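**Q** One structure, as structure tokens, below. Some questions next.
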Amino acid sequence: MIRFGIIGTGRISDWVLAGAAQDPRIKIAAVCSRTADKASEFISRHPEAAGAKVFTDVAAMAADPEIDAIYIGTPNQTHHSYTITCLDAGKHVLCEKPLAVCADEAREMAEAARRNGCLLMEAMISTLNPNFRAAVEKIEDIKPVRQYSSYFCQYSSKYEALKKGIMASAFQPGTAGALRDVGIYTLYPLISIFGKPVAISSESMIFKTPEGEVDVHGSMILRYEGMDATITYSKICDSFIPTEISGENGNLILDAVHIARKTEYIPHAVPTSGQGPRPVSRVISEGLEYNEYYYEFKEFVDVLESGRRESMINSLDTSIAVMEIIDEALAQNKCPSTK
Ligand SMILES: NC(=O)c1ccc[n+]([C@@H]2O[C@H](COP(=O)([O-])OP(=O)(O)OC[C@H]3O[C@@H](n4cnc5c(N)ncnc54)[C@H](OP(=O)(O)O)[C@@H]3O)[C@@H](O)[C@H]2O)c1
């Protein structure tokens with residue numbers, strides 16, 4: 001049984017708890033909030049957290065010997081300090097995406113995990129989704145891969161508020177913005193499969209908030225040896241275009257990269273210069289048996305039970321590489337950074 005402490009009582013903690021609760025190896029042992037009332041309310045609205053201890057101080061929760069691991073579901077600017085506090089107290093950490101605000105922070109967090117012999121994993125659900133894994137397993141059949149194109153554009157209700165001057169953590173200049181908030185869902189799967197590109201070129205749309213400038217929409221071209229990738233992400237418009245991996249021997253299509261519900265494989269057909277019938281696609285995914293957040297907790301506990309201290313899927317090298325690309329993309333667009 002892994003005894004989890006949860007930091008943050010917002011909607012993301014509500015959502016992930018539904019997934020964690022489906023793994024019988026997990027017990028919710030504590031909840032940490034900036035106020036005791038909110039922690040108690042959180043516990044009372046989640047029967048799976050019944051009996052959990054209440055904390056209002058991260059260091060105090062991290063020091064509790066009756067907790068093994070901590071999930072961090074708080075705004076990006078807190079990830080670095082909360083994670084290091086927990087790791088230095090000997091706790092394993094599952095931290096929300098983006099792992100950090102920038103690559104320097106991510107490297108320090110990875111170093112703290114290795115120094116303490118603890119597991120640190122970014123809670124990136126996309127790559128652990130079985131429907132995404134189905135695509136990864138099929139890549140061999142479509143090689144050589146020539147293109148990856150991915151979209152995650154979701155009009156944010158908080159953008160409505162932002163236009164009236166009301167800030168949300170997802171639009172916090174220097175620590176959040178569209179690339180760190182939603183663009184990362186298109187980027188992380190790419191880097192987890194193909195590694196770091198040789199070059200990137202990025203375009204961001206900037207919005208002036210009362211607290212400074214932040215990116216709200218953007219796109220990027222990432223160049224690889226023999227392949228390129230394009231990503232488009234937005235918090236100011238929607239997109240319903242699927243994500244596609246194209247190879248000389250076929251294509252793989254994910255209906256949505258964030259949470260894939262359906263994955264299709266289209267073997268390369270005889271060239272017909274566009275005149276022949278459309279190639280027949282085959283669904284290679286089986287749907288989701290569990291809540292979409294279950295799979296990140298399953299991976300986390302599987303890694304712990306195996307005795308390893310790093311996920312081979314959501315590895316720290318991938319998290320760091322993703323943050324390096326985000327840093328470079330934002331710098332290309334002169335987006336202000338807190339670092
Ligand atoms: N995986 C996903 O599907 C997904 C979806 C959405 C967001 N996220 C990630 O989850 C994290 C939180 O995002 P969110 O939109 O839920 O943020 P949020 O609503 O602003 O904050 C979440 C919780 O963190 C605590 N908190 C808020 N501001 C804080 C501060 N300044 N210092 C310390 N704690 C603070 C609050 O809990 P208390 O009041 O109890 O302290 C709050 O309810 C982000 O890193 C985001 O990228 C992931």
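Residues in the structure tokens are numbered from 1 in each chain, the chains being A, B, ... in the order shown, and ligands are numbered from 1 in the order shown.
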Within segment 223-287 of chain A, find each residue whose DSSP state, derived from the backbone, is strand (DSSP E), and express the selection as a ChimeraX atom specification.
**A** /A:223-224,227-234,243-247,250-254,263-267,282-283
**Q** Need the shell around Lys91 of chain A: protein/DNA/RNA residues with any atom at most 9 Å away, counting only C-alpha atoms. Skip same-chain ones fewer than 5 positions apart. Format as JSON, numbers by chain?
**A** {"A": [62, 63, 67, 68, 69, 70, 85, 86, 116, 118, 119]}
**Q** Print the selection's residues with C-alpha atoms to a file, as a short mmCIF file (atom, residue, chain, number, x, y, z; two decimals), in the first residue's frame.
**A**
data_model
loop_
_atom_site.label_atom_id
_atom_site.label_comp_id
_atom_site.auth_asym_id
_atom_site.auth_seq_id
_atom_site.Cartn_x
_atom_site.Cartn_y
_atom_site.Cartn_z
CA ALA A 62 6.62 15.84 3.98
CA ALA A 63 8.06 15.05 7.43
CA ILE A 67 3.24 9.13 4.18
CA ASP A 68 5.21 7.46 1.37
CA ALA A 69 4.49 9.62 -1.65
CA ILE A 70 3.10 13.05 -2.51
CA THR A 85 10.97 19.87 0.06
CA CYS A 86 9.20 16.51 -0.32
CA ASN A 116 17.54 11.20 -2.19
CA CYS A 118 13.33 8.86 -4.57
CA LEU A 119 11.00 8.56 -7.53
#
**Q** 9 Å from ligand 1 is the threshold here; counting only C-alpha atoms and all ligand atoms, which polymer residues fall inside it? Answer as a ChimeraX atom specification.
**A** /A:7-13,15-16,31-39,42,56,72-79,95-100,123-126,168-170,176,180-182,258-259,293
**Q** Taking only C-alpha atoms into account, produce a table as JSON lines in which each residue of segment 141-180 of chain A with an atom at most 7 Å from an atom of segment 226-233 of chain A appears once, together with its shortest atom pair and the distance in Å to one decimal, ordered by chain and rising number.
**A**
{"residue": "A:Val145", "atom": "CA", "partner": "A:Met227", "partner_atom": "CA", "distance": 6.5}
{"residue": "A:Arg146", "atom": "CA", "partner": "A:Met227", "partner_atom": "CA", "distance": 4.2}
{"residue": "A:Gln147", "atom": "CA", "partner": "A:Asp228", "partner_atom": "CA", "distance": 5.1}
{"residue": "A:Tyr148", "atom": "CA", "partner": "A:Ala229", "partner_atom": "CA", "distance": 4.5}
{"residue": "A:Ser149", "atom": "CA", "partner": "A:Thr230", "partner_atom": "CA", "distance": 4.8}
{"residue": "A:Ser150", "atom": "CA", "partner": "A:Ile231", "partner_atom": "CA", "distance": 4.8}
{"residue": "A:Tyr151", "atom": "CA", "partner": "A:Thr232", "partner_atom": "CA", "distance": 4.8}
{"residue": "A:Phe152", "atom": "CA", "partner": "A:Tyr233", "partner_atom": "CA", "distance": 4.8}
{"residue": "A:Cys153", "atom": "CA", "partner": "A:Tyr233", "partner_atom": "CA", "distance": 4.7}
{"residue": "A:Ala178", "atom": "CA", "partner": "A:Tyr233", "partner_atom": "CA", "distance": 6.9}
{"residue": "A:Leu179", "atom": "CA", "partner": "A:Tyr233", "partner_atom": "CA", "distance": 6.9}
**Q** Output the selection as a PDB file, in the first residue's frame - C-alpha atoms for each residue.
**A**
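Writing done, so here's out20.pdb:
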ATOM      1  CA  VAL A 145       8.612   8.337 -39.806  1.00  0.00           C
ATOM      2  CA  ARG A 146       8.597  11.598 -41.752  1.00  0.00           C
ATOM      3  CA  GLN A 147       6.150  13.801 -39.861  1.00  0.00           C
ATOM      4  CA  TYR A 148       4.379  14.338 -36.543  1.00  0.00           C
ATOM      5  CA  SER A 149       1.623  16.915 -36.359  1.00  0.00           C
ATOM      6  CA  SER A 150      -0.306  17.591 -33.209  1.00  0.00           C
ATOM      7  CA  TYR A 151      -2.957  19.997 -31.983  1.00  0.00           C
ATOM      8  CA  PHE A 152      -4.275  20.936 -28.582  1.00  0.00           C
ATOM      9  CA  CYS A 153      -6.409  24.047 -28.828  1.00  0.00           C
ATOM     10  CA  ALA A 178      -0.485  28.409 -23.398  1.00  0.00           C
ATOM     11  CA  LEU A 179       2.737  26.518 -24.165  1.00  0.00           C
TER      12      LEU A 179
END
**Q** Report the closest atom pair, with its distance in Å rounded to one decimal, for each residue of segment 231-330 of chain A that has an atom no farther than 12 Å from segment 129-133 of chain A; count only C-alpha atoms, sort by chain and then rising residue number, and write it as JSON lines.
**A**
{"residue": "A:Thr243", "atom": "CA", "partner": "A:Phe132", "partner_atom": "CA", "distance": 10.7}
{"residue": "A:Glu244", "atom": "CA", "partner": "A:Phe132", "partner_atom": "CA", "distance": 11.4}
{"residue": "A:Ile245", "atom": "CA", "partner": "A:Phe132", "partner_atom": "CA", "distance": 11.5}
{"residue": "A:Leu252", "atom": "CA", "partner": "A:Phe132", "partner_atom": "CA", "distance": 10.1}
{"residue": "A:Ile253", "atom": "CA", "partner": "A:Phe132", "partner_atom": "CA", "distance": 9.7}
{"residue": "A:Leu254", "atom": "CA", "partner": "A:Phe132", "partner_atom": "CA", "distance": 7.4}
{"residue": "A:Asp255", "atom": "CA", "partner": "A:Asn131", "partner_atom": "CA", "distance": 9.9}
{"residue": "A:Ala256", "atom": "CA", "partner": "A:Phe132", "partner_atom": "CA", "distance": 9.6}
{"residue": "A:Val257", "atom": "CA", "partner": "A:Phe132", "partner_atom": "CA", "distance": 7.9}
{"residue": "A:His258", "atom": "CA", "partner": "A:Asn129", "partner_atom": "CA", "distance": 9.1}
{"residue": "A:Ile259", "atom": "CA", "partner": "A:Asn129", "partner_atom": "CA", "distance": 7.0}
{"residue": "A:Ala260", "atom": "CA", "partner": "A:Asn131", "partner_atom": "CA", "distance": 5.8}
{"residue": "A:Arg261", "atom": "CA", "partner": "A:Asn131", "partner_atom": "CA", "distance": 6.5}
{"residue": "A:Lys262", "atom": "CA", "partner": "A:Asn131", "partner_atom": "CA", "distance": 6.4}
{"residue": "A:Thr263", "atom": "CA", "partner": "A:Asn131", "partner_atom": "CA", "distance": 6.0}
{"residue": "A:Glu264", "atom": "CA", "partner": "A:Asn131", "partner_atom": "CA", "distance": 9.5}
{"residue": "A:Tyr265", "atom": "CA", "partner": "A:Asn131", "partner_atom": "CA", "distance": 11.7}
{"residue": "A:Val283", "atom": "CA", "partner": "A:Asn131", "partner_atom": "CA", "distance": 10.0}
{"residue": "A:Ile284", "atom": "CA", "partner": "A:Asn131", "partner_atom": "CA", "distance": 8.0}
{"residue": "A:Ser285", "atom": "CA", "partner": "A:Asn131", "partner_atom": "CA", "distance": 5.0}
{"residue": "A:Glu286", "atom": "CA", "partner": "A:Asn131", "partner_atom": "CA", "distance": 6.9}
{"residue": "A:Gly287", "atom": "CA", "partner": "A:Asn131", "partner_atom": "CA", "distance": 6.6}
{"residue": "A:Leu288", "atom": "CA", "partner": "A:Pro130", "partner_atom": "CA", "distance": 7.2}
{"residue": "A:Glu289", "atom": "CA", "partner": "A:Pro130", "partner_atom": "CA", "distance": 9.2}
{"residue": "A:Tyr290", "atom": "CA", "partner": "A:Asn129", "partner_atom": "CA", "distance": 10.0}
{"residue": "A:Asn291", "atom": "CA", "partner": "A:Asn129", "partner_atom": "CA", "distance": 10.1}
{"residue": "A:Glu292", "atom": "CA", "partner": "A:Asn129", "partner_atom": "CA", "distance": 7.1}
{"residue": "A:Tyr293", "atom": "CA", "partner": "A:Asn129", "partner_atom": "CA", "distance": 8.7}
{"residue": "A:Tyr294", "atom": "CA", "partner": "A:Asn129", "partner_atom": "CA", "distance": 9.1}
{"residue": "A:Tyr295", "atom": "CA", "partner": "A:Asn129", "partner_atom": "CA", "distance": 6.4}
{"residue": "A:Glu296", "atom": "CA", "partner": "A:Asn129", "partner_atom": "CA", "distance": 8.2}
{"residue": "A:Phe297", "atom": "CA", "partner": "A:Asn129", "partner_atom": "CA", "distance": 11.4}
{"residue": "A:Lys298", "atom": "CA", "partner": "A:Asn129", "partner_atom": "CA", "distance": 10.7}
{"residue": "A:Glu299", "atom": "CA", "partner": "A:Asn129", "partner_atom": "CA", "distance": 10.3}
{"residue": "A:Ile313", "atom": "CA", "partner": "A:Arg133", "partner_atom": "CA", "distance": 9.8}
{"residue": "A:Asn314", "atom": "CA", "partner": "A:Asn129", "partner_atom": "CA", "distance": 11.5}
**Q** Output N, CA and C atoms of each residue in that selection to a file, as a short mmCIF file (atom, residue, chain, number, x, y, z; two decimals), in the first residue's frame.
**A**
data_model
loop_
_atom_site.label_atom_id
_atom_site.label_comp_id
_atom_site.auth_asym_id
_atom_site.auth_seq_id
_atom_site.Cartn_x
_atom_site.Cartn_y
_atom_site.Cartn_z
N THR A 243 -4.24 14.24 -34.02
CA THR A 243 -2.78 14.19 -34.06
C THR A 243 -2.37 13.02 -34.95
N GLU A 244 -1.36 13.26 -35.78
CA GLU A 244 -0.99 12.23 -36.77
C GLU A 244 0.52 12.01 -36.80
N ILE A 245 0.90 10.74 -36.89
CA ILE A 245 2.31 10.38 -37.10
C ILE A 245 2.35 9.72 -38.47
N LEU A 252 -0.45 6.85 -38.31
CA LEU A 252 -1.13 6.59 -37.04
C LEU A 252 -1.88 7.85 -36.66
N ILE A 253 -3.14 7.70 -36.28
CA ILE A 253 -3.96 8.88 -35.97
C ILE A 253 -4.56 8.74 -34.58
N LEU A 254 -4.32 9.74 -33.76
CA LEU A 254 -4.90 9.80 -32.41
C LEU A 254 -5.98 10.87 -32.43
N ASP A 255 -7.17 10.54 -31.96
CA ASP A 255 -8.26 11.52 -32.05
C ASP A 255 -7.96 12.78 -31.23
N ALA A 256 -7.27 12.63 -30.11
CA ALA A 256 -6.88 13.79 -29.30
C ALA A 256 -5.62 13.40 -28.54
N VAL A 257 -4.61 14.26 -28.60
CA VAL A 257 -3.33 13.87 -28.00
C VAL A 257 -3.37 13.93 -26.47
N HIS A 258 -4.15 14.83 -25.94
CA HIS A 258 -4.23 15.01 -24.49
C HIS A 258 -4.73 13.73 -23.83
N ILE A 259 -5.92 13.29 -24.25
CA ILE A 259 -6.48 12.03 -23.77
C ILE A 259 -7.00 11.29 -25.00
N ALA A 260 -6.18 10.40 -25.55
CA ALA A 260 -6.60 9.68 -26.76
C ALA A 260 -7.69 8.68 -26.40
N ARG A 261 -8.79 8.74 -27.15
CA ARG A 261 -9.88 7.77 -26.96
C ARG A 261 -9.86 6.74 -28.07
N LYS A 262 -9.28 7.13 -29.21
CA LYS A 262 -9.26 6.22 -30.36
C LYS A 262 -7.96 6.40 -31.13
N THR A 263 -7.33 5.29 -31.48
CA THR A 263 -6.10 5.32 -32.26
C THR A 263 -6.30 4.49 -33.51
N GLU A 264 -5.98 5.09 -34.65
CA GLU A 264 -6.15 4.36 -35.92
C GLU A 264 -4.81 4.16 -36.61
N TYR A 265 -4.72 3.06 -37.33
CA TYR A 265 -3.54 2.73 -38.12
C TYR A 265 -3.99 2.63 -39.58
N VAL A 283 -8.85 0.47 -36.38
CA VAL A 283 -8.76 0.97 -35.01
C VAL A 283 -7.88 0.00 -34.23
N ILE A 284 -6.79 0.53 -33.63
CA ILE A 284 -5.88 -0.34 -32.88
C ILE A 284 -5.94 -0.09 -31.38
N SER A 285 -6.83 0.83 -30.95
CA SER A 285 -6.96 1.09 -29.51
C SER A 285 -8.14 0.30 -28.97
N GLU A 286 -8.13 0.13 -27.68
CA GLU A 286 -9.22 -0.64 -27.06
C GLU A 286 -10.11 0.22 -26.18
N GLY A 287 -9.92 1.53 -26.22
CA GLY A 287 -10.70 2.41 -25.34
C GLY A 287 -10.06 2.45 -23.96
N LEU A 288 -10.66 3.16 -23.05
CA LEU A 288 -10.10 3.27 -21.70
C LEU A 288 -10.95 2.48 -20.72
N GLU A 289 -10.30 1.54 -20.06
CA GLU A 289 -11.03 0.71 -19.09
C GLU A 289 -11.21 1.46 -17.77
N TYR A 290 -10.25 2.33 -17.48
CA TYR A 290 -10.25 3.06 -16.21
C TYR A 290 -10.36 4.57 -16.47
N ASN A 291 -10.53 5.33 -15.40
CA ASN A 291 -10.48 6.78 -15.45
C ASN A 291 -9.13 7.21 -16.08
N GLU A 292 -9.13 8.28 -16.87
CA GLU A 292 -7.90 8.66 -17.58
C GLU A 292 -6.72 8.98 -16.65
N TYR A 293 -6.99 9.35 -15.40
CA TYR A 293 -5.90 9.67 -14.47
C TYR A 293 -5.37 8.44 -13.73
N TYR A 294 -6.09 7.32 -13.86
CA TYR A 294 -5.66 6.09 -13.21
C TYR A 294 -4.25 5.70 -13.68
N TYR A 295 -4.00 5.87 -14.99
CA TYR A 295 -2.80 5.30 -15.60
C TYR A 295 -1.50 5.95 -15.09
N GLU A 296 -1.56 7.23 -14.69
CA GLU A 296 -0.33 7.84 -14.16
C GLU A 296 -0.03 7.30 -12.76
N PHE A 297 -1.08 7.06 -11.98
CA PHE A 297 -0.85 6.47 -10.65
C PHE A 297 -0.39 5.02 -10.78
N LYS A 298 -0.96 4.30 -11.73
CA LYS A 298 -0.55 2.91 -11.95
C LYS A 298 0.94 2.86 -12.30
N GLU A 299 1.36 3.73 -13.23
CA GLU A 299 2.77 3.73 -13.63
C GLU A 299 3.66 4.07 -12.42
N ILE A 313 8.86 5.69 -19.15
CA ILE A 313 7.98 6.39 -20.11
C ILE A 313 8.01 7.89 -19.83
N ASN A 314 7.63 8.30 -18.64
CA ASN A 314 7.72 9.72 -18.26
C ASN A 314 9.04 9.92 -17.53
#
**Q** Please report, as a ChimeraX atom specification, each residue of segment 49-173 of chain A to which DSSP assigns alpha helix (DSSP H) when run on this structure's backbone.
**A** /A:58-62,76-88,103-116,130-142,157-163
**Q** Generate a file of the selected residues that holds N, CA and C atoms, formatted as a short mmCIF file (atom, residue, chain, number, x, y, z; two decimals), in the first residue's frame.
**A**
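So selection32.cif came out as:
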data_model
loop_
_atom_site.label_atom_id
_atom_site.label_comp_id
_atom_site.auth_asym_id
_atom_site.auth_seq_id
_atom_site.Cartn_x
_atom_site.Cartn_y
_atom_site.Cartn_z
N VAL A 58 3.54 22.34 3.79
CA VAL A 58 4.10 21.27 2.95
C VAL A 58 5.24 20.54 3.68
N ALA A 59 6.11 21.30 4.34
CA ALA A 59 7.25 20.67 5.03
C ALA A 59 6.76 19.74 6.14
N ALA A 60 5.70 20.14 6.84
CA ALA A 60 5.17 19.30 7.92
C ALA A 60 4.60 18.01 7.35
N MET A 61 3.89 18.11 6.23
CA MET A 61 3.35 16.89 5.62
C MET A 61 4.49 16.00 5.13
N ALA A 62 5.49 16.62 4.51
CA ALA A 62 6.62 15.84 3.98
C ALA A 62 7.37 15.11 5.09
N ASN A 76 2.11 26.11 -11.29
CA ASN A 76 3.47 25.79 -11.75
C ASN A 76 4.60 26.38 -10.89
N GLN A 77 4.41 27.61 -10.43
CA GLN A 77 5.51 28.28 -9.72
C GLN A 77 5.83 27.63 -8.38
N THR A 78 4.94 26.72 -7.91
CA THR A 78 5.18 26.05 -6.63
C THR A 78 5.85 24.67 -6.82
N HIS A 79 5.88 24.16 -8.05
CA HIS A 79 6.32 22.78 -8.26
C HIS A 79 7.75 22.54 -7.77
N HIS A 80 8.64 23.46 -8.11
CA HIS A 80 10.06 23.29 -7.79
C HIS A 80 10.27 23.22 -6.28
N SER A 81 9.77 24.20 -5.55
CA SER A 81 10.07 24.23 -4.10
C SER A 81 9.32 23.11 -3.37
N TYR A 82 8.06 22.86 -3.73
CA TYR A 82 7.32 21.79 -3.05
C TYR A 82 7.97 20.43 -3.32
N THR A 83 8.35 20.21 -4.57
CA THR A 83 8.95 18.91 -4.93
C THR A 83 10.25 18.69 -4.16
N ILE A 84 11.10 19.70 -4.13
CA ILE A 84 12.40 19.51 -3.46
C ILE A 84 12.20 19.33 -1.95
N THR A 85 11.26 20.05 -1.38
CA THR A 85 10.97 19.87 0.06
C THR A 85 10.56 18.41 0.31
N CYS A 86 9.70 17.89 -0.53
CA CYS A 86 9.20 16.51 -0.32
C CYS A 86 10.30 15.48 -0.58
N LEU A 87 11.08 15.68 -1.65
CA LEU A 87 12.15 14.72 -1.96
C LEU A 87 13.20 14.71 -0.85
N ASP A 88 13.56 15.90 -0.36
CA ASP A 88 14.58 15.98 0.70
C ASP A 88 14.09 15.34 2.00
N ALA A 103 13.80 24.84 -17.52
CA ALA A 103 14.69 23.67 -17.51
C ALA A 103 15.64 23.68 -16.30
N ASP A 104 16.11 24.85 -15.90
CA ASP A 104 17.01 24.90 -14.73
C ASP A 104 16.32 24.31 -13.51
N GLU A 105 15.07 24.69 -13.30
CA GLU A 105 14.31 24.15 -12.16
C GLU A 105 14.15 22.63 -12.30
N ALA A 106 13.81 22.19 -13.52
CA ALA A 106 13.59 20.75 -13.74
C ALA A 106 14.86 19.96 -13.44
N ARG A 107 16.02 20.51 -13.85
CA ARG A 107 17.29 19.81 -13.59
C ARG A 107 17.55 19.72 -12.08
N GLU A 108 17.25 20.80 -11.35
CA GLU A 108 17.46 20.77 -9.89
C GLU A 108 16.53 19.75 -9.22
N MET A 109 15.33 19.63 -9.74
CA MET A 109 14.36 18.66 -9.18
C MET A 109 14.84 17.23 -9.46
N ALA A 110 15.33 17.00 -10.67
CA ALA A 110 15.83 15.66 -11.02
C ALA A 110 17.02 15.31 -10.14
N GLU A 111 17.89 16.28 -9.92
CA GLU A 111 19.07 16.06 -9.07
C GLU A 111 18.64 15.74 -7.63
N ALA A 112 17.61 16.42 -7.14
CA ALA A 112 17.11 16.15 -5.78
C ALA A 112 16.54 14.73 -5.69
N ALA A 113 15.87 14.28 -6.73
CA ALA A 113 15.31 12.91 -6.73
C ALA A 113 16.45 11.90 -6.68
N ARG A 114 17.48 12.11 -7.49
CA ARG A 114 18.60 11.15 -7.53
C ARG A 114 19.38 11.17 -6.21
N ARG A 115 19.59 12.36 -5.68
CA ARG A 115 20.33 12.53 -4.42
C ARG A 115 19.63 11.79 -3.27
N ASN A 116 18.30 11.81 -3.29
CA ASN A 116 17.54 11.20 -2.19
C ASN A 116 17.09 9.77 -2.48
N PRO A 130 -3.26 4.07 -22.50
CA PRO A 130 -3.08 2.85 -23.31
C PRO A 130 -3.33 3.07 -24.80
N ASN A 131 -4.19 4.02 -25.14
CA ASN A 131 -4.46 4.27 -26.56
C ASN A 131 -3.25 4.94 -27.24
N PHE A 132 -2.52 5.75 -26.48
CA PHE A 132 -1.26 6.31 -26.98
C PHE A 132 -0.20 5.22 -27.06
N ARG A 133 -0.15 4.35 -26.05
CA ARG A 133 0.83 3.25 -26.06
C ARG A 133 0.61 2.35 -27.28
N ALA A 134 -0.68 2.21 -27.68
CA ALA A 134 -0.98 1.38 -28.86
C ALA A 134 -0.31 1.98 -30.10
N ALA A 135 -0.31 3.32 -30.19
CA ALA A 135 0.35 3.98 -31.33
C ALA A 135 1.85 3.77 -31.26
N VAL A 136 2.42 3.91 -30.07
CA VAL A 136 3.87 3.76 -29.91
C VAL A 136 4.30 2.36 -30.37
N GLU A 137 3.50 1.35 -29.97
CA GLU A 137 3.85 -0.03 -30.35
C GLU A 137 3.78 -0.26 -31.86
N LYS A 138 3.01 0.57 -32.53
CA LYS A 138 2.80 0.35 -33.98
C LYS A 138 3.79 1.15 -34.83
N ILE A 139 4.56 2.02 -34.21
CA ILE A 139 5.43 2.92 -34.99
C ILE A 139 6.39 2.14 -35.90
N GLU A 140 6.88 1.01 -35.39
CA GLU A 140 7.83 0.20 -36.16
C GLU A 140 7.27 -0.10 -37.55
N ASP A 141 5.94 -0.32 -37.62
CA ASP A 141 5.30 -0.72 -38.89
C ASP A 141 5.20 0.42 -39.91
N ILE A 142 5.29 1.66 -39.46
CA ILE A 142 5.13 2.77 -40.42
C ILE A 142 6.47 3.42 -40.76
N SER A 157 -12.21 28.92 -20.41
CA SER A 157 -13.20 29.77 -19.75
C SER A 157 -12.49 30.89 -18.97
N LYS A 158 -11.24 30.60 -18.57
CA LYS A 158 -10.49 31.61 -17.80
C LYS A 158 -10.01 32.75 -18.71
N TYR A 159 -10.02 32.51 -20.02
CA TYR A 159 -9.67 33.58 -20.97
C TYR A 159 -10.75 34.67 -20.95
N GLU A 160 -12.01 34.23 -20.80
CA GLU A 160 -13.11 35.21 -20.68
C GLU A 160 -12.83 36.13 -19.50
N ALA A 161 -12.44 35.52 -18.37
CA ALA A 161 -12.15 36.30 -17.17
C ALA A 161 -10.93 37.19 -17.41
N LEU A 162 -9.92 36.62 -18.09
CA LEU A 162 -8.69 37.37 -18.34
C LEU A 162 -8.98 38.64 -19.13
N LYS A 163 -9.90 38.54 -20.09
CA LYS A 163 -10.24 39.72 -20.90
C LYS A 163 -10.85 40.82 -20.04
#
**Q** If you measure from atom CA of Asn333 of chain A to atom CA of Gly177 of chain A, what distance in Å do you get, rounded to one decimal?
**A**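 Going from atom CA of Asn333 of chain A over to atom CA of Gly177 of chain A, I get 12.7 Å.
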**Q** Choose the residue, out of A:His92, A:Lys208, A:Lys196, A:Arg45, that has the smallest atom-to-atom separation from Ser319 of chain A; count only C-alpha atoms.
**A**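 Looking at the shortest contact to Ser319 of chain A, the residue is A:Lys196.
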**Q** Given only C-alpha atoms as the basis, pick out the residue of A:Ala21, A:Pro210, A:Tyr224, A:Ile326 nearest to Lys164 of chain A.
**A**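 Under the stated criterion, the closest residue is A:Pro210.
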**Q** For Ile236 of chain A, list every protein, DNA or RNA residue within 9 Å, evaluated using only C-alpha atoms, and leave out those in the same chain fewer than 2 positions away; present the list as a PyMOL selection string.
**A** chain A and resi 153-156+159+178+216-217+234+238
**Q** Could you tell me how far atom CA of Asn249 of chain A lies from atom CA of Ala269 of chain A, in Å and to one decimal?
**A**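 Spanning atom CA of Asn249 of chain A to atom CA of Ala269 of chain A is a straight-line distance of 8.3 Å.
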**Q** Could you state the separation of atom CA of Val54 of chain A and atom CA of Ile6 of chain A in Å, given to one decimal place?
**A**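 Between these atoms lies a distance of 9.8 Å.
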